[in-house]
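Below is the file query-v9.cif, which contains mmCIF, C-alpha atoms and all ligand atoms.
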```cif
data_structure
#
loop_
_atom_site.label_atom_id
_atom_site.label_comp_id
_atom_site.auth_asym_id
_atom_site.auth_seq_id
_atom_site.Cartn_x
_atom_site.Cartn_y
_atom_site.Cartn_z
CA MET A 3 -21.45 -3.17 -6.11
CA SER A 4 -23.82 -4.87 -3.70
CA ARG A 5 -23.68 -8.54 -2.84
CA ALA A 6 -26.51 -9.05 -5.33
CA GLY A 7 -24.38 -7.25 -7.92
CA ILE A 8 -21.44 -9.54 -7.16
CA ASP A 9 -23.68 -12.61 -7.44
CA ALA A 10 -24.84 -11.39 -10.86
CA LEU A 11 -21.19 -10.85 -11.86
CA ARG A 12 -20.35 -14.38 -10.81
CA GLU A 13 -23.22 -15.77 -12.87
CA ARG A 14 -22.17 -13.75 -15.94
CA ALA A 15 -18.58 -14.95 -15.56
CA ARG A 16 -19.76 -18.56 -15.32
CA LEU A 17 -21.55 -18.24 -18.67
CA GLY A 18 -18.27 -17.49 -20.44
CA LEU A 19 -16.05 -20.01 -18.65
CA PRO A 20 -15.72 -23.78 -19.00
CA ALA A 21 -17.62 -25.32 -16.07
CA HIS A 22 -14.50 -26.90 -14.54
CA VAL A 23 -12.74 -23.51 -14.44
CA ALA A 24 -15.75 -21.76 -12.89
CA ASP A 25 -16.04 -24.58 -10.36
CA TYR A 26 -12.35 -24.31 -9.46
CA VAL A 27 -12.66 -20.59 -8.80
CA ASP A 28 -15.81 -20.94 -6.71
CA ALA A 29 -14.58 -24.00 -4.76
CA THR A 30 -14.26 -23.90 -0.97
CA ALA A 31 -12.87 -26.33 1.60
CA ASP A 32 -16.32 -27.22 2.91
CA GLY A 33 -18.12 -27.11 -0.42
CA VAL A 34 -20.27 -24.11 0.48
CA ALA A 35 -19.64 -21.25 -1.93
CA GLU A 36 -19.59 -17.67 -0.65
CA ALA A 37 -20.40 -18.59 2.97
CA GLU A 38 -17.57 -16.44 4.33
CA ALA A 39 -19.26 -13.29 3.00
CA ASP A 40 -22.09 -13.99 5.47
CA ARG A 41 -19.58 -13.66 8.31
CA TRP A 42 -18.72 -10.12 7.20
CA ASP A 43 -22.46 -9.43 6.96
CA ALA A 44 -22.70 -10.39 10.64
CA VAL A 45 -20.49 -7.48 11.75
CA ARG A 46 -22.60 -4.84 13.49
CA PHE A 47 -21.88 -1.12 13.44
CA ARG A 48 -22.29 1.58 16.07
CA PRO A 49 -22.61 4.74 13.97
CA VAL A 50 -21.29 8.00 15.35
CA ALA A 51 -23.52 11.12 15.48
CA LEU A 52 -23.09 14.85 15.94
CA ARG A 53 -19.67 15.15 14.40
CA GLY A 54 -20.84 17.52 11.68
CA GLU A 55 -19.76 17.25 8.05
CA THR A 56 -16.27 15.86 7.63
CA GLU A 57 -14.22 15.24 4.51
CA THR A 58 -14.28 11.60 3.44
CA SER A 59 -10.94 10.25 2.27
CA LEU A 60 -10.05 6.76 1.10
CA ALA A 61 -6.45 7.42 0.01
CA THR A 62 -3.84 5.60 2.06
CA THR A 63 -0.51 3.81 1.78
CA VAL A 64 0.40 0.15 2.02
CA LEU A 65 4.01 -0.42 3.09
CA GLY A 66 4.70 3.11 1.92
CA THR A 67 3.09 2.72 -1.51
CA PRO A 68 0.28 5.25 -2.08
CA VAL A 69 -3.07 3.83 -3.21
CA ASP A 70 -6.27 5.73 -4.01
CA HIS A 71 -8.32 3.44 -1.80
CA PRO A 72 -7.68 0.50 0.54
CA ILE A 73 -9.14 -2.13 -1.82
CA LEU A 74 -6.33 -4.23 -3.32
CA ILE A 75 -6.47 -7.23 -5.67
CA ALA A 76 -5.55 -10.63 -4.19
CA PRO A 77 -2.99 -12.87 -5.88
CA MET A 78 -4.82 -15.60 -7.78
CA ALA A 79 -3.37 -18.40 -9.85
CA GLN A 80 -3.67 -18.90 -13.58
CA GLN A 81 -5.60 -15.86 -14.67
CA VAL A 82 -5.03 -16.74 -18.32
CA ALA A 83 -7.94 -19.11 -17.73
CA ALA A 84 -10.11 -16.01 -17.23
CA HIS A 85 -8.60 -13.71 -19.87
CA PRO A 86 -5.93 -14.18 -22.59
CA ASP A 87 -3.69 -11.51 -21.00
CA GLY A 88 -4.25 -12.92 -17.51
CA GLU A 89 -2.33 -11.13 -14.77
CA ALA A 90 -1.17 -8.39 -17.17
CA GLU A 91 -4.82 -7.44 -17.77
CA THR A 92 -5.50 -7.43 -14.03
CA ALA A 93 -2.45 -5.23 -13.46
CA ARG A 94 -3.76 -2.83 -16.15
CA ALA A 95 -6.99 -2.52 -14.18
CA ALA A 96 -5.08 -1.94 -10.95
CA ALA A 97 -3.06 0.84 -12.59
CA ALA A 98 -6.21 2.55 -13.88
CA SER A 99 -7.84 2.19 -10.46
CA GLY A 100 -4.92 3.56 -8.45
CA THR A 101 -4.46 0.35 -6.52
CA LEU A 102 -2.07 -2.53 -6.01
CA VAL A 103 -2.19 -6.11 -7.25
CA GLY A 104 -0.84 -9.37 -5.82
CA VAL A 105 0.83 -11.66 -8.37
CA SER A 106 0.70 -15.41 -7.71
CA THR A 107 3.69 -17.73 -7.93
CA ASN A 108 1.42 -19.69 -10.20
CA THR A 109 1.22 -17.34 -13.18
CA ALA A 110 1.72 -18.04 -16.87
CA VAL A 111 2.55 -14.38 -17.56
CA PRO A 112 6.15 -13.09 -17.32
CA PHE A 113 6.81 -10.55 -14.55
CA SER A 114 8.01 -8.01 -17.12
CA ARG A 115 4.60 -7.94 -18.85
CA ILE A 116 2.81 -7.52 -15.55
CA ALA A 117 5.20 -4.80 -14.38
CA GLU A 118 4.93 -2.75 -17.57
CA GLN A 119 1.24 -2.04 -16.86
CA GLY A 120 2.41 0.46 -14.25
CA ALA A 121 0.55 -0.73 -11.14
CA PRO A 122 2.41 -1.38 -7.90
CA TRP A 123 2.55 -5.14 -7.29
CA TRP A 124 3.51 -7.61 -4.62
CA PHE A 125 4.80 -11.06 -5.49
CA GLN A 126 3.09 -13.96 -3.71
CA ALA A 127 5.60 -16.69 -2.85
CA TYR A 128 4.87 -20.29 -2.01
CA LEU A 129 7.64 -22.30 -0.42
CA LEU A 130 8.29 -24.77 -3.23
CA ALA A 131 9.66 -28.26 -2.53
CA ASP A 132 12.95 -27.05 -4.01
CA SER A 133 13.38 -23.83 -2.02
CA ASP A 134 16.01 -22.53 -4.45
CA LEU A 135 13.15 -22.07 -6.90
CA THR A 136 11.24 -19.94 -4.40
CA ASP A 137 14.36 -17.83 -3.92
CA ALA A 138 14.87 -17.50 -7.67
CA LEU A 139 11.29 -16.35 -8.18
CA ALA A 140 11.45 -13.84 -5.33
CA ALA A 141 14.72 -12.38 -6.63
CA ARG A 142 13.34 -12.14 -10.17
CA ALA A 143 10.14 -10.50 -8.96
CA ALA A 144 12.17 -7.94 -7.04
CA ALA A 145 14.34 -7.24 -10.08
CA ALA A 146 11.19 -6.81 -12.18
CA GLY A 147 9.79 -4.21 -9.80
CA ALA A 148 7.70 -5.96 -7.14
CA SER A 149 7.62 -3.88 -3.97
CA ALA A 150 6.96 -6.64 -1.41
CA ILE A 151 6.88 -10.41 -1.09
CA MET A 152 3.69 -12.05 0.20
CA LEU A 153 4.68 -15.35 1.76
CA THR A 154 1.68 -17.70 1.83
CA VAL A 155 1.93 -19.80 5.00
CA GLU A 156 -0.98 -22.18 4.47
CA LEU A 157 -1.75 -24.95 2.05
CA THR A 158 -5.12 -25.14 0.39
CA ALA A 159 -7.37 -28.15 0.56
CA LEU A 160 -8.02 -27.90 -3.17
CA ARG A 161 -6.18 -29.48 -6.03
CA VAL A 162 -5.92 -27.64 -9.30
CA ASP A 163 -7.93 -29.34 -12.00
CA PRO A 164 -5.38 -30.48 -14.63
CA ARG A 165 -7.82 -29.47 -17.35
CA ILE A 166 -7.15 -25.84 -16.44
CA GLU A 167 -3.71 -26.13 -18.02
CA PRO A 168 -3.58 -23.94 -21.11
CA THR A 169 -3.00 -26.24 -24.05
CA ASN A 170 0.11 -24.47 -25.30
CA TRP A 171 2.16 -25.21 -22.22
CA PRO A 172 4.69 -27.92 -22.88
CA ASP A 173 5.05 -29.78 -19.57
CA GLY A 174 2.69 -31.81 -17.41
CA PRO A 175 0.42 -30.66 -14.61
CA GLY A 176 1.87 -28.24 -12.12
CA ARG A 177 4.96 -27.35 -14.12
CA ALA A 178 4.71 -24.96 -17.02
CA ARG A 179 2.28 -22.67 -15.23
CA LEU A 180 5.23 -20.94 -13.61
CA ALA A 181 6.26 -18.67 -16.46
CA ASN A 182 8.95 -16.97 -14.42
CA LEU A 183 11.13 -20.03 -14.02
CA THR A 184 13.53 -21.24 -16.71
CA ASP A 185 12.77 -24.55 -18.47
CA ASP A 186 15.52 -26.15 -16.44
CA GLU A 187 14.08 -24.86 -13.18
CA ARG A 188 10.59 -25.98 -14.16
CA SER A 189 11.83 -29.50 -14.63
CA ARG A 190 12.91 -29.44 -10.95
CA LEU A 191 9.50 -28.46 -9.65
CA GLY A 192 8.39 -31.96 -8.75
CA ASP A 193 4.94 -33.32 -8.12
CA ARG A 194 4.41 -31.77 -4.69
CA PRO A 195 5.30 -28.12 -5.23
CA GLY A 196 4.09 -26.63 -1.94
CA ARG A 197 5.58 -26.89 1.57
CA LEU A 198 4.63 -25.28 4.85
CA PRO A 199 7.12 -22.54 5.68
CA GLY A 200 8.65 -21.92 9.11
CA LEU A 201 9.50 -18.57 10.66
CA GLU A 202 12.99 -18.55 9.15
CA GLN A 203 11.54 -18.09 5.67
CA ILE A 204 10.59 -14.51 6.53
CA ALA A 205 14.16 -13.34 7.03
CA ARG A 206 15.36 -15.49 4.17
CA LEU A 207 12.99 -13.95 1.63
CA ARG A 208 13.55 -10.48 2.98
CA GLU A 209 17.25 -10.85 2.39
CA ILE A 210 17.03 -12.53 -1.01
CA ALA A 211 14.52 -10.08 -2.44
CA GLY A 212 15.63 -7.04 -0.49
CA LEU A 213 11.92 -6.32 0.05
CA PRO A 214 9.48 -6.25 2.97
CA VAL A 215 7.65 -9.53 3.59
CA VAL A 216 3.91 -9.85 4.22
CA VAL A 217 2.79 -13.12 5.75
CA LYS A 218 -0.42 -14.33 4.08
CA GLY A 219 -2.80 -16.74 5.78
CA VAL A 220 -2.54 -15.96 9.50
CA LEU A 221 -5.63 -16.64 11.67
CA ARG A 222 -4.21 -16.30 15.19
CA GLY A 223 -2.78 -13.46 17.24
CA ASP A 224 0.14 -15.56 18.49
CA ASP A 225 1.22 -16.48 14.95
CA ALA A 226 0.93 -12.86 13.85
CA ARG A 227 3.14 -11.73 16.73
CA ARG A 228 5.76 -14.39 15.94
CA ALA A 229 5.76 -13.36 12.28
CA VAL A 230 6.27 -9.70 13.14
CA ASP A 231 9.00 -10.51 15.67
CA ALA A 232 10.71 -12.54 12.94
CA GLY A 233 10.72 -9.51 10.65
CA ALA A 234 7.40 -9.47 8.78
CA ALA A 235 6.32 -5.98 7.76
CA GLY A 236 2.71 -7.02 7.29
CA VAL A 237 0.24 -9.76 8.14
CA LEU A 238 -2.69 -10.75 5.93
CA VAL A 239 -5.54 -12.36 7.85
CA SER A 240 -6.97 -14.85 5.37
CA THR A 241 -8.62 -18.24 5.00
CA HIS A 242 -7.49 -18.28 1.36
CA GLY A 243 -11.11 -17.57 0.50
CA ASN A 244 -12.34 -20.49 2.63
CA ARG A 245 -10.15 -22.85 0.61
CA ARG A 246 -7.94 -24.08 3.44
CA LEU A 247 -9.65 -26.08 6.17
CA ALA A 248 -13.29 -27.11 6.44
CA GLY A 249 -14.62 -25.78 9.73
CA SER A 250 -12.03 -23.01 10.01
CA ILE A 251 -12.96 -19.76 11.69
CA ALA A 252 -13.51 -16.93 9.23
CA ALA A 253 -10.97 -14.15 8.63
CA VAL A 254 -13.29 -11.67 10.35
CA ASP A 255 -13.24 -13.82 13.50
CA ALA A 256 -9.46 -13.49 13.76
CA LEU A 257 -8.97 -9.92 12.62
CA ALA A 258 -9.31 -7.98 15.89
CA GLU A 259 -7.16 -10.53 17.75
CA VAL A 260 -4.42 -10.25 15.13
CA ALA A 261 -4.56 -6.45 15.08
CA ASP A 262 -4.24 -6.37 18.87
CA ALA A 263 -1.33 -8.82 18.86
CA VAL A 264 0.55 -6.86 16.21
CA ALA A 265 -0.14 -3.65 18.13
CA GLY A 266 0.92 -1.28 15.38
CA ASP A 267 4.32 -2.92 14.81
CA ALA A 268 3.31 -4.06 11.32
CA GLU A 269 0.48 -3.46 8.87
CA VAL A 270 -2.53 -5.77 9.02
CA TYR A 271 -4.68 -6.64 6.00
CA ALA A 272 -7.69 -8.92 5.53
CA ASP A 273 -9.30 -10.91 2.75
CA SER A 274 -11.74 -13.80 2.20
CA GLY A 275 -15.39 -13.08 1.49
CA ILE A 276 -15.14 -9.29 1.08
CA ARG A 277 -18.03 -8.55 -1.26
CA ASP A 278 -19.26 -5.01 -0.67
CA GLY A 279 -18.25 -1.65 0.73
CA ARG A 280 -19.78 -2.45 4.08
CA HIS A 281 -17.48 -5.49 4.38
CA VAL A 282 -14.50 -3.27 3.60
CA LEU A 283 -15.58 -0.81 6.29
CA ALA A 284 -15.93 -3.68 8.78
CA ALA A 285 -12.40 -4.88 8.04
CA LEU A 286 -10.91 -1.39 8.35
CA ALA A 287 -12.78 -0.69 11.57
CA LEU A 288 -11.57 -3.99 13.07
CA GLY A 289 -7.93 -3.18 12.41
CA ALA A 290 -7.08 -3.79 8.74
CA ARG A 291 -5.16 -1.13 6.85
CA ALA A 292 -6.48 -2.47 3.54
CA VAL A 293 -8.37 -5.45 2.14
CA PHE A 294 -7.73 -7.77 -0.78
CA VAL A 295 -10.52 -8.86 -3.08
CA GLY A 296 -10.18 -12.30 -4.68
CA ARG A 297 -12.92 -14.06 -6.62
CA PRO A 298 -14.92 -10.94 -7.55
CA ALA A 299 -11.84 -9.67 -9.40
CA TRP A 300 -11.47 -13.02 -11.15
CA TRP A 301 -15.11 -12.97 -12.22
CA ALA A 302 -14.86 -9.36 -13.39
CA LEU A 303 -11.73 -10.20 -15.39
CA ALA A 304 -13.50 -13.10 -17.07
CA ASP A 305 -16.62 -11.02 -17.68
CA ASP A 306 -15.10 -7.85 -19.14
CA GLY A 307 -11.30 -7.79 -18.80
CA ALA A 308 -9.63 -4.75 -17.26
CA ALA A 309 -12.79 -2.66 -17.68
CA GLY A 310 -14.70 -5.22 -15.62
CA VAL A 311 -12.14 -5.15 -12.82
CA GLU A 312 -12.05 -1.35 -12.85
CA GLY A 313 -15.84 -1.21 -12.60
CA LEU A 314 -15.78 -3.62 -9.67
CA LEU A 315 -13.18 -1.61 -7.77
CA ALA A 316 -14.91 1.71 -8.47
CA GLY A 317 -18.19 0.26 -7.23
CA LEU A 318 -16.62 -1.02 -4.00
CA ALA A 319 -14.83 2.29 -3.40
CA ASP A 320 -18.08 4.25 -3.91
CA GLU A 321 -19.87 1.99 -1.46
CA LEU A 322 -17.08 2.37 1.07
CA THR A 323 -17.33 6.16 0.83
CA ALA A 324 -21.08 5.97 1.38
CA SER A 325 -20.70 3.55 4.29
CA LEU A 326 -18.12 5.77 5.99
CA ARG A 327 -20.42 8.79 5.74
CA GLN A 328 -23.40 6.83 7.01
CA ALA A 329 -21.28 5.62 9.92
CA GLY A 330 -20.55 9.27 10.72
CA VAL A 331 -16.78 9.14 10.22
CA GLY A 332 -14.49 10.53 7.56
CA THR A 333 -11.64 8.03 7.37
CA PRO A 334 -10.86 4.39 8.09
CA ALA A 335 -8.59 5.51 10.95
CA GLU A 336 -11.49 7.36 12.58
CA ALA A 337 -13.74 4.34 12.08
CA ARG A 338 -11.27 2.27 14.04
CA ALA A 339 -10.61 4.84 16.75
CA ALA A 340 -14.34 5.30 17.33
CA ARG A 341 -14.80 1.51 17.53
CA ILE A 342 -17.70 1.62 15.13
CA ALA A 343 -17.64 -2.14 14.41
CA VAL A 344 -18.51 -5.04 16.68
CA ALA A 345 -16.98 -8.32 15.46
CA PRO A 346 -19.36 -11.29 15.28
CA GLY A 347 -17.04 -13.27 17.55
CA PHE A 348 -16.68 -17.04 17.67
CA ALA A 349 -17.06 -19.77 20.25
CA SER A 350 -15.95 -18.31 23.57
C1 LIG B 401 -6.60 -17.97 -4.79
N1 LIG B 401 -5.78 -17.57 -3.73
C2 LIG B 401 -4.40 -17.69 -3.86
N2 LIG B 401 -3.59 -17.29 -2.83
C3 LIG B 401 -2.25 -17.41 -2.94
O1 LIG B 401 -1.55 -17.06 -1.99
N3 LIG B 401 -1.69 -17.91 -4.06
C4 LIG B 401 -2.42 -18.32 -5.14
O2 LIG B 401 -1.89 -18.76 -6.14
C5 LIG B 401 -3.83 -18.22 -5.02
N4 LIG B 401 -4.64 -18.64 -6.05
C6 LIG B 401 -6.02 -18.50 -5.96
C7 LIG B 401 -6.82 -18.88 -7.03
C8 LIG B 401 -8.19 -18.71 -6.97
C9 LIG B 401 -9.04 -19.08 -8.13
C10 LIG B 401 -8.77 -18.18 -5.78
C11 LIG B 401 -10.27 -17.96 -5.69
C12 LIG B 401 -7.98 -17.81 -4.72
C13 LIG B 401 -6.36 -16.93 -2.54
C14 LIG B 401 -6.49 -15.43 -2.73
O3 LIG B 401 -5.24 -14.78 -2.73
C15 LIG B 401 -7.33 -14.78 -1.61
O4 LIG B 401 -6.78 -15.11 -0.35
C16 LIG B 401 -8.79 -15.22 -1.65
O5 LIG B 401 -9.24 -15.35 -2.97
C17 LIG B 401 -9.64 -14.17 -0.93
O6 LIG B 401 -10.96 -14.61 -0.78
P1 LIG B 401 -12.14 -14.22 -1.79
O7 LIG B 401 -12.14 -12.73 -1.98
O8 LIG B 401 -11.91 -14.97 -3.06
O9 LIG B 401 -13.35 -14.72 -1.07
#
```
Could you take the file, read its structure, and then write that structure out as structure tokens?
Amino acid sequence: MSRAGIDALRERARLGLPAHVADYVDATADGVAEAEADRWDAVRFRPVALRGETETSLATTVLGTPVDHPILIAPMAQQVAAHPDGEAETARAAAASGTLVGVSTNTAVPFSRIAEQGAPWWFQAYLLADSDLTDALAARAAAAGASAIMLTVELTALRVDPRIEPTNWPDGPGRARLANLTDDERSRLGDRPGRLPGLEQIARLREIAGLPVVVKGVLRGDDARRAVDAGAAGVLVSTHGNRRLAGSIAAVDALAEVADAVAGDAEVYADSGIRDGRHVLAALALGARAVFVGRPAWWALADDGAAGVEGLLAGLADELTASLRQAGVGTPAEARAARIAVAPGFAS
């Protein structure tokens, strides 16, 4: 799946979606769609020679969970707007692809239906204005079989278009989307559901869910270090798909700094603008253990349901295998050890 292939997928998905939904998915903080992918394109490789034929292997683990390849599916809100089975359909694709899926706080599908598809999944938690609701969701996700909590530590610049509400949800904007709260809890959500978490939320969620916590949305080495010292088991370097702050550095700009700061004490992941196997290789070589793919999975879900998402992941995995071989290394770990990637860098 080349970038041209992803662009074609996006266009096909648009044809089947109401314009306001397609626009919401594509939206970025600075109004420029897909610009972050160019930053991954800017990574340069130093291929290794004279190592002879080596076995190529993509299989790895994330927080102890085995996956067939290091390409995971990012948590994205309201997938029933892309497919009637929403997050359950995405989880079905993850199961068939031997990978893991992130499940947004903001889902209209019950955890039990997502879990029964058989894929490993991590629950993405926002700190809601009423933090008891965050706790309740994290505990329920753990009971339903989630194997980690992803705590999102940024707020996006984008507001959800109220027209994206499925018509059969009873309450007003921002409420009934959260299928895993009771009616009573939903009524307590309030108009401003998201708050910026502090460090103490890491230990709190870890204790409530009894699961490892991955901090999602870190762009600085110092924040990554603080998160790990406070008990995070993983750090996801992310700009929320360029939906957070106009003028922000890209995830790729922060990745090596974060990996150095964490220094092997936690797992590091990356997302935002990953669009082909070469981007995945760049992320792995710069210190990520795995990547998350966001919008392409949404578009594939809208275009052809689970089969579409499976095709996308298979295409990316095939490209990653080819890229590894062309770079002269057999595994992501070797790619990193041999320093095959040179980050584009930012103002210095
Ligand atoms: C997101 N993302 C997101 N993140 C999160 O923590 N909770 C959420 O509910 C959502 N919802 C969401 C909806 C849509 C439509 C998009 C596009 C993104 C961010 C997501 O997890 C991931 O960080 C980015 O999508 C990765 O960037 P790319 O691959 O979309 O460029």
Residue nearest ligand LIG 401 (chain B) - candidates A:Leu180, A:Ala268, A:Ala329, A:Leu65, atoms counted: all atoms listed in the file: A:Leu180
Within 9 Å of (-22.8, -4.5, -8.8) in the file's own coordinates, which protein, DNA or RNA residues have an atom, counting only C-alpha atoms? List them as a ChimeraX atom specification. /A:3-11,278,313-314,317-318
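Closest approach to ligand LIG 401 (chain B) among A:Ser106, A:Ser114, A:Gln119, A:Thr92: A:Ser106, based on all atoms listed in the file.
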Compile the contact shell of stretch 291-296 of chain A as number ranges by chain: residues with an atom at most 8 Å away, counting all atoms listed in the file, same-chain residues fewer than 2 positions apart removed. A: 64, 72-78, 243, 269-277, 282, 285-286, 289, 298-300
Residues just named, written with C-alpha atoms as a CSV table (one decimal), in the frame of the given file:
```csv
chain,number,residue,atom,x,y,z
A,64,VAL,CA,0.4,0.2,2.0
A,72,PRO,CA,-7.7,0.5,0.5
A,73,ILE,CA,-9.1,-2.1,-1.8
A,74,LEU,CA,-6.3,-4.2,-3.3
A,75,ILE,CA,-6.5,-7.2,-5.7
A,76,ALA,CA,-5.6,-10.6,-4.2
A,77,PRO,CA,-3.0,-12.9,-5.9
A,78,MET,CA,-4.8,-15.6,-7.8
A,243,GLY,CA,-11.1,-17.6,0.5
A,269,GLU,CA,0.5,-3.5,8.9
A,270,VAL,CA,-2.5,-5.8,9.0
A,271,TYR,CA,-4.7,-6.6,6.0
A,272,ALA,CA,-7.7,-8.9,5.5
A,273,ASP,CA,-9.3,-10.9,2.8
A,274,SER,CA,-11.7,-13.8,2.2
A,275,GLY,CA,-15.4,-13.1,1.5
A,276,ILE,CA,-15.1,-9.3,1.1
A,277,ARG,CA,-18.0,-8.6,-1.3
A,282,VAL,CA,-14.5,-3.3,3.6
A,285,ALA,CA,-12.4,-4.9,8.0
A,286,LEU,CA,-10.9,-1.4,8.4
A,289,GLY,CA,-7.9,-3.2,12.4
A,298,PRO,CA,-14.9,-10.9,-7.6
A,299,ALA,CA,-11.8,-9.7,-9.4
A,300,TRP,CA,-11.5,-13.0,-11.2
```
Need to verify the contact set: A:Leu157, 10 Å, only C-alpha atoms, exclusion of same-chain residues closer than 5 positions in sequence. Can you return it as a VMD selection string? chain A and resid 128 196 to 199 219 242 245 to 247
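Straight-line separation from atom O9 of ligand LIG 401 (chain B) to atom CA of A:Arg297: 5.6 Å.
Using only C-alpha atoms for every distance, the candidate list A:Ser240, A:Thr63, A:Ser149, A:Thr158 yields A:Ser149 as the residue closest to A:Val105.
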Emit stretch 144-155 of chain A of the structure in the block as a file comprising C-alpha atoms, as a short mmCIF file (atom, residue, chain, number, x, y, z; two decimals), in the first residue's frame.
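And here is the file that came out, part-v4.cif:
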```
data_model
loop_
_atom_site.label_atom_id
_atom_site.label_comp_id
_atom_site.auth_asym_id
_atom_site.auth_seq_id
_atom_site.Cartn_x
_atom_site.Cartn_y
_atom_site.Cartn_z
CA ALA A 144 -10.36 -4.25 32.06
CA ALA A 145 -13.19 -6.56 33.11
CA ALA A 146 -14.15 -6.98 29.44
CA GLY A 147 -10.63 -8.06 28.51
CA ALA A 148 -8.60 -4.97 27.57
CA SER A 149 -4.91 -5.60 28.19
CA ALA A 150 -3.73 -2.01 28.69
CA ILE A 151 -5.06 1.50 29.19
CA MET A 152 -3.94 4.23 26.78
CA LEU A 153 -4.22 7.53 28.61
CA THR A 154 -4.51 10.38 26.10
CA VAL A 155 -2.71 13.39 27.56
#
```
